[in-house]
file protein-v5.csv (CSV, C-alpha atoms)
chain,number,residue,atom,x,y,z
A,1,MET,CA,0.0,0.0,0.0
A,2,GLY,CA,1.1,3.5,-0.7
A,3,GLU,CA,1.6,6.2,1.9
A,4,ARG,CA,-1.8,7.2,3.3
A,5,GLU,CA,-3.2,10.6,2.4
A,6,LYS,CA,-3.0,13.0,5.3
A,7,SER,CA,-6.3,13.9,7.0
A,8,ALA,CA,-7.5,17.4,7.7
A,9,SER,CA,-6.3,17.1,11.2
A,10,ASP,CA,-2.7,16.6,10.1
A,11,ALA,CA,-0.3,19.5,9.3
A,12,PRO,CA,-1.1,20.9,5.9
A,13,GLY,CA,1.4,20.7,3.0
A,14,THR,CA,3.3,23.7,1.8
A,15,VAL,CA,2.4,25.8,-1.3
A,16,TYR,CA,5.4,27.1,-3.2
A,17,LEU,CA,4.8,30.2,-5.4
A,18,VAL,CA,7.3,29.5,-8.0
A,19,GLY,CA,8.5,31.8,-10.8
A,20,SER,CA,9.4,29.8,-14.0
A,21,GLY,CA,11.3,32.6,-15.7
A,22,PRO,CA,10.5,33.9,-19.2
A,23,GLY,CA,10.1,30.5,-20.9
A,24,ASP,CA,13.5,29.1,-21.7
A,25,PRO,CA,14.0,26.1,-19.4
A,26,ASP,CA,17.7,27.0,-19.0
A,27,LEU,CA,16.6,30.2,-17.3
A,28,MET,CA,14.7,28.5,-14.5
A,29,THR,CA,16.4,28.5,-11.1
A,30,VAL,CA,17.8,25.3,-9.7
A,31,LYS,CA,15.3,25.5,-6.8
A,32,ALA,CA,12.4,25.8,-9.2
A,33,ARG,CA,13.5,22.7,-11.1
A,34,ARG,CA,13.9,20.7,-7.9
A,35,LEU,CA,10.4,21.7,-6.6
A,36,LEU,CA,8.8,20.7,-9.9
A,37,GLU,CA,10.3,17.2,-9.4
A,38,GLU,CA,9.3,17.0,-5.7
A,39,ALA,CA,5.7,18.4,-6.0
A,40,ASP,CA,2.6,16.3,-5.7
A,41,VAL,CA,0.6,18.8,-7.8
A,42,VAL,CA,1.6,21.7,-10.1
A,43,LEU,CA,-1.0,24.4,-10.7
A,44,HIS,CA,0.2,26.4,-13.7
A,45,ASP,CA,-0.7,29.2,-16.0
A,46,LYS,CA,0.1,29.2,-19.8
A,47,LEU,CA,3.0,31.7,-19.4
A,48,PRO,CA,5.7,29.2,-18.3
A,49,GLY,CA,5.6,28.0,-21.9
A,50,PRO,CA,5.4,24.5,-23.6
A,51,GLU,CA,9.1,23.6,-23.1
A,52,ILE,CA,8.7,23.9,-19.3
A,53,LEU,CA,5.2,22.6,-19.0
A,54,GLY,CA,6.2,19.6,-21.2
A,55,THR,CA,8.7,18.5,-18.5
A,56,ILE,CA,5.9,18.0,-15.9
A,57,PRO,CA,4.1,14.7,-15.9
A,58,GLU,CA,0.5,15.2,-17.0
A,59,GLY,CA,-0.7,13.3,-14.0
A,60,LYS,CA,0.4,16.0,-11.6
A,61,ARG,CA,-0.2,19.2,-13.5
A,62,GLU,CA,-3.4,21.2,-13.5
A,63,ASP,CA,-4.0,24.1,-15.9
A,64,VAL,CA,-5.5,27.1,-13.9
A,65,GLY,CA,-4.8,29.5,-16.7
A,66,LYS,CA,-7.4,29.1,-19.3
A,67,ARG,CA,-10.4,26.7,-19.5
A,68,ALA,CA,-11.9,25.2,-22.6
A,69,GLY,CA,-13.6,28.0,-24.6
A,70,GLY,CA,-11.0,30.5,-23.8
A,71,ASP,CA,-12.4,31.7,-20.4
A,72,TRP,CA,-9.9,32.6,-17.7
A,73,THR,CA,-9.9,30.4,-14.6
A,74,PRO,CA,-11.4,32.5,-11.8
A,75,GLN,CA,-8.8,33.5,-9.2
A,76,GLU,CA,-11.2,32.3,-6.5
A,77,TYR,CA,-11.0,28.8,-7.9
A,78,THR,CA,-7.2,28.8,-7.9
A,79,ASN,CA,-7.1,30.1,-4.3
A,80,ARG,CA,-9.6,27.4,-3.2
A,81,ARG,CA,-7.7,24.7,-5.1
A,82,MET,CA,-4.4,25.6,-3.4
A,83,VAL,CA,-5.9,25.4,0.0
A,84,GLU,CA,-7.8,22.2,-0.7
A,85,LEU,CA,-4.7,20.4,-1.9
A,86,ALA,CA,-2.5,21.7,0.9
A,87,ARG,CA,-5.0,20.6,3.5
A,88,ARG,CA,-4.8,17.1,2.1
A,89,GLY,CA,-1.1,17.1,2.9
A,90,LYS,CA,0.0,17.7,-0.7
A,91,THR,CA,3.2,19.6,-1.7
A,92,VAL,CA,1.9,22.2,-4.2
A,93,VAL,CA,3.8,24.2,-6.7
A,94,ARG,CA,1.8,27.2,-8.0
A,95,LEU,CA,3.9,27.8,-11.2
A,96,LYS,CA,3.9,31.2,-12.7
A,97,GLY,CA,5.7,32.8,-15.7
A,98,GLY,CA,8.5,35.2,-14.9
A,99,ASP,CA,8.5,36.1,-11.2
A,100,PRO,CA,5.5,35.5,-8.9
A,101,PHE,CA,5.6,39.1,-7.6
A,102,VAL,CA,5.9,41.0,-10.9
A,103,PHE,CA,2.3,41.4,-12.1
A,104,GLY,CA,1.7,37.7,-11.3
A,105,ARG,CA,-0.9,38.0,-8.5
A,106,GLY,CA,1.6,36.2,-6.2
A,107,GLY,CA,1.1,38.8,-3.4
A,108,GLU,CA,-2.7,38.1,-3.4
A,109,GLU,CA,-2.2,34.3,-3.3
A,110,MET,CA,0.4,34.5,-0.6
A,111,GLU,CA,-2.0,36.6,1.6
A,112,HIS,CA,-4.9,34.2,0.9
A,113,LEU,CA,-2.8,31.2,1.9
A,114,ALA,CA,-1.6,32.9,5.1
A,115,ARG,CA,-5.2,33.7,6.1
A,116,GLU,CA,-6.1,30.0,5.6
A,117,GLY,CA,-3.1,28.9,7.8
A,118,ILE,CA,-1.3,27.3,4.8
A,119,PRO,CA,2.5,27.3,4.8
A,120,VAL,CA,3.7,29.3,1.8
A,121,GLU,CA,7.1,29.9,0.4
A,122,VAL,CA,8.0,32.2,-2.5
A,123,VAL,CA,10.6,31.1,-5.1
A,124,PRO,CA,11.7,34.1,-7.2
A,125,GLY,CA,12.1,33.7,-10.9
A,126,VAL,CA,13.8,35.7,-13.7
A,127,THR,CA,11.1,38.2,-14.7
A,128,SER,CA,10.3,38.6,-18.3
A,129,ALA,CA,10.3,42.4,-17.7
A,130,VAL,CA,14.1,42.2,-17.6
A,131,ALA,CA,14.9,39.0,-19.5
A,132,GLY,CA,12.7,39.9,-22.5
A,133,PRO,CA,14.4,43.1,-23.4
A,134,GLY,CA,17.8,41.6,-22.6
A,135,VAL,CA,17.6,38.7,-25.0
A,136,ALA,CA,16.3,41.1,-27.7
A,137,GLY,CA,19.4,43.2,-27.3
A,138,VAL,CA,17.7,46.1,-25.5
A,139,PRO,CA,19.4,47.2,-22.3
A,140,LEU,CA,17.0,48.7,-19.8
A,141,THR,CA,19.6,51.1,-18.5
A,142,HIS,CA,22.5,52.8,-20.4
A,143,ARG,CA,24.9,55.4,-19.3
A,144,ASP,CA,24.1,57.5,-22.3
A,145,HIS,CA,20.4,57.0,-22.5
A,146,ALA,CA,18.6,55.9,-19.3
A,147,SER,CA,19.3,56.0,-15.6
A,148,SER,CA,15.9,54.8,-14.4
A,149,VAL,CA,13.3,52.1,-15.3
A,150,SER,CA,9.6,52.0,-14.7
A,151,PHE,CA,7.6,48.8,-14.9
A,152,VAL,CA,3.9,49.0,-15.6
A,153,THR,CA,1.1,46.7,-16.6
A,154,GLY,CA,-1.0,47.2,-19.7
A,155,HIS,CA,-3.6,44.8,-18.4
A,156,GLU,CA,-5.2,46.2,-15.3
A,157,ASP,CA,-8.1,44.9,-13.3
A,158,PRO,CA,-11.1,45.6,-15.5
A,159,THR,CA,-13.2,46.4,-12.4
A,160,LYS,CA,-11.2,49.5,-11.7
A,161,GLU,CA,-13.0,52.7,-12.3
A,162,GLU,CA,-9.9,54.4,-13.6
A,163,SER,CA,-6.3,53.4,-14.5
A,164,ALA,CA,-3.7,53.5,-11.7
A,165,VAL,CA,-1.0,54.1,-14.3
A,166,ASP,CA,-0.1,57.8,-14.6
A,167,TRP,CA,1.2,58.0,-18.2
A,168,ARG,CA,1.8,61.7,-17.9
A,169,ALA,CA,4.0,61.2,-14.8
A,170,LEU,CA,5.9,58.5,-16.7
A,171,ALA,CA,6.5,60.7,-19.7
A,172,GLU,CA,7.8,63.5,-17.5
A,173,THR,CA,10.0,61.2,-15.4
A,174,GLY,CA,12.0,60.0,-18.5
A,175,GLY,CA,14.1,56.8,-18.5
A,176,THR,CA,12.9,53.5,-19.8
A,177,ILE,CA,9.3,52.3,-19.6
A,178,VAL,CA,8.6,48.6,-19.7
A,179,VAL,CA,4.9,47.6,-20.3
A,180,LEU,CA,4.0,44.0,-19.6
A,181,MET,CA,0.8,42.5,-21.1
A,182,GLY,CA,0.3,45.7,-23.1
A,183,VAL,CA,0.0,44.7,-26.8
A,184,GLY,CA,-3.8,45.2,-26.9
A,185,LYS,CA,-3.7,48.6,-25.2
A,186,LEU,CA,-0.7,49.8,-27.2
A,187,PRO,CA,-2.6,52.5,-29.2
A,188,GLU,CA,-4.0,54.0,-26.0
A,189,TYR,CA,-0.8,54.3,-24.1
A,190,ALA,CA,1.4,55.3,-27.1
A,191,ARG,CA,-1.1,58.1,-27.7
A,192,ALA,CA,-1.2,59.0,-24.0
A,193,LEU,CA,2.6,59.3,-23.8
A,194,VAL,CA,2.8,61.5,-26.8
A,195,GLU,CA,0.0,63.7,-25.5
A,196,ALA,CA,1.9,63.9,-22.2
A,197,GLY,CA,5.0,65.3,-24.0
A,198,LYS,CA,6.9,62.3,-25.1
A,199,ARG,CA,8.5,62.8,-28.5
A,200,PRO,CA,6.7,60.9,-31.3
A,201,ASP,CA,10.0,59.6,-32.5
A,202,THR,CA,10.8,57.9,-29.2
A,203,PRO,CA,12.1,54.4,-30.0
A,204,VAL,CA,9.9,51.4,-29.0
A,205,ALA,CA,10.7,47.7,-29.1
A,206,LEU,CA,8.1,44.9,-28.9
A,207,VAL,CA,9.3,41.5,-27.8
A,208,GLU,CA,6.9,38.6,-28.4
A,209,ARG,CA,7.4,35.3,-26.6
A,210,ALA,CA,10.7,36.3,-25.2
A,211,THR,CA,13.3,33.4,-24.9
A,212,TRP,CA,10.8,31.0,-26.5
A,213,PRO,CA,11.9,29.2,-29.8
A,214,ASP,CA,9.5,31.4,-31.8
A,215,MET,CA,10.5,34.7,-30.2
A,216,ARG,CA,10.0,37.8,-32.4
A,217,VAL,CA,11.1,41.4,-32.1
A,218,ALA,CA,9.6,44.4,-33.8
A,219,THR,CA,10.9,48.0,-33.5
A,220,GLY,CA,9.5,51.4,-34.3
A,221,THR,CA,8.6,54.7,-32.6
A,222,LEU,CA,5.7,55.9,-30.5
A,223,GLU,CA,4.3,57.3,-33.8
A,224,THR,CA,4.7,54.1,-35.8
A,225,ILE,CA,4.7,51.2,-33.4
A,226,VAL,CA,0.9,50.5,-33.7
A,227,ALA,CA,1.3,50.1,-37.4
A,228,VAL,CA,4.4,47.9,-36.9
A,229,ARG,CA,2.5,45.7,-34.5
A,230,ASP,CA,-0.4,45.3,-36.9
A,231,ARG,CA,1.9,44.7,-39.9
A,232,GLU,CA,4.0,42.1,-38.1
A,233,GLY,CA,1.1,40.5,-36.3
A,234,ILE,CA,2.7,40.8,-32.8
A,235,GLU,CA,0.5,39.0,-30.3
A,236,PRO,CA,0.5,38.3,-26.5
A,237,PRO,CA,2.5,37.4,-24.6
A,238,ALA,CA,4.7,40.4,-25.5
A,239,ILE,CA,6.6,43.2,-23.8
A,240,ALA,CA,6.9,46.8,-24.9
A,241,VAL,CA,10.1,48.7,-24.2
A,242,ILE,CA,9.8,52.5,-24.6
A,243,GLY,CA,12.8,54.9,-24.5
A,244,GLU,CA,16.1,55.7,-26.2
A,245,VAL,CA,17.5,52.3,-25.1
A,246,ALA,CA,15.0,50.6,-27.5
A,247,ALA,CA,17.2,51.9,-30.4
A,248,THR,CA,20.2,50.0,-29.1
A,249,ARG,CA,19.2,46.7,-30.8
A,250,GLU,CA,19.2,48.3,-34.3
A,251,ARG,CA,22.5,50.0,-33.7
A,252,VAL,CA,24.1,46.7,-32.6
A,253,LEU,CA,22.7,44.9,-35.6
A,254,ASP,CA,24.1,47.5,-37.9
A,255,LEU,CA,27.5,47.4,-36.2
A,256,LEU,CA,27.6,43.6,-36.5
A,257,GLU,CA,26.6,43.7,-40.2
A,258,ASN,CA,29.3,46.3,-41.0
A,259,ALA,CA,31.8,44.3,-39.1
A,260,GLY,CA,30.9,41.1,-41.0
A,261,GLY,CA,29.5,39.4,-37.8
A,262,GLU,CA,26.3,37.4,-37.4
A,263,PRO,CA,23.3,39.3,-36.0
call {"tool": "encode", "arguments": {"input": "protein-v5.csv", "output": "structure tokens"}}
result
Amino acid sequence: MGEREKSASDAPGTVYLVGSGPGDPDLMTVKARRLLEEADVVLHDKLPGPEILGTIPEGKREDVGKRAGGDWTPQEYTNRRMVELARRGKTVVRLKGGDPFVFGRGGEEMEHLAREGIPVEVVPGVTSAVAGPGVAGVPLTHRDHASSVSFVTGHEDPTKEESAVDWRALAETGGTIVVLMGVGKLPEYARALVEAGKRPDTPVALVERATWPDMRVATGTLETIVAVRDREGIEPPAIAVIGEVAATRERVLDLLENAGGEP
């Protein structure tokens, strides 16, 4: 007989909020890999990507990203499922793309688990907000162009009465702006930044499926980037990098070409 399942009176299992990184399995942390092997159940989103999800046996992984028909799994269900499994003594990995605390709702889930008396541990991951631009050849800071970085979400809670992102303040602050989950809202915030005083010729880079085998990069300016997005068919998941650093990629490619190197 196998080991008996723990009863509700036994100590609950631990839930690990694990960041899987941007999608390339080689960019996962050693601890994340170990926990995936040790976990009884892995509750995952789509963002970890097929290469990482494919390493997890089907029998112990549950998709809490999208359900059949394209509807998002309610957060309440995910919260309830984590608690239910932990109270049965299971070791649970809640696997998220990037880092759990960078627009990943990790903070909300941690608080919920704590309220329910469930042990919870956070395992940081390489956030796509940094890795995405990096693998595309776009430095977020540069001595000549940017001394600060702002990370914002392009996909806010739809129940909010108004946006919490102050695009005018971001335009006035300068530096690099990184927008996660912002492909759909690109026309709105590109226009908002220009109206707030950002130059229309400010460089912009879009990085789709960063570090995945089918990664794509498209570049333009605040004035042209919507047309570039539409022409190239850039789709989520993608990151927008706005600022002078976004022009670095093209400069490097030109230098490599002139030097006879491979882009």
call {"tool": "residues_around", "arguments": {"input": "protein-v5.csv", "residues": "Gly98 of chain A", "least_positions_apart": "4", "cutoff": "10 Å", "atoms": "all atoms listed in the file", "output": "list in words"}}
result
Val18, Gly19, Ser20, Gly21, Pro22, Gly23, Leu27, Met28, Leu47, Pro48, Val102, Phe103, Gly104, Pro124, Gly125, Val126, Thr127, Ser128, Ala129, Val130, Ala131 and Gly132 of chain A
call {"tool": "atom_distance", "arguments": {"input": "protein-v5.csv", "atom1": "atom CA of Ile118 of chain A", "atom2": "atom CA of Thr78 of chain A"}}
result
14.1 Å
call {"tool": "residues_near_point", "arguments": {"input": "protein-v5.csv", "point": "(3.2, 55.3, -12.4)", "cutoff": "12 Å", "atoms": "only C-alpha atoms", "output": "NGL selection string"}}
result
:A and (149-154 or 163-174 or 177-179)
call {"tool": "closest_residue", "arguments": {"input": "protein-v5.csv", "among": "A:Arg34, A:Asp10, A:Pro237, A:Glu223", "to": "Val183 of chain A", "atoms": "all atoms listed in the file"}}
result
A:Pro237
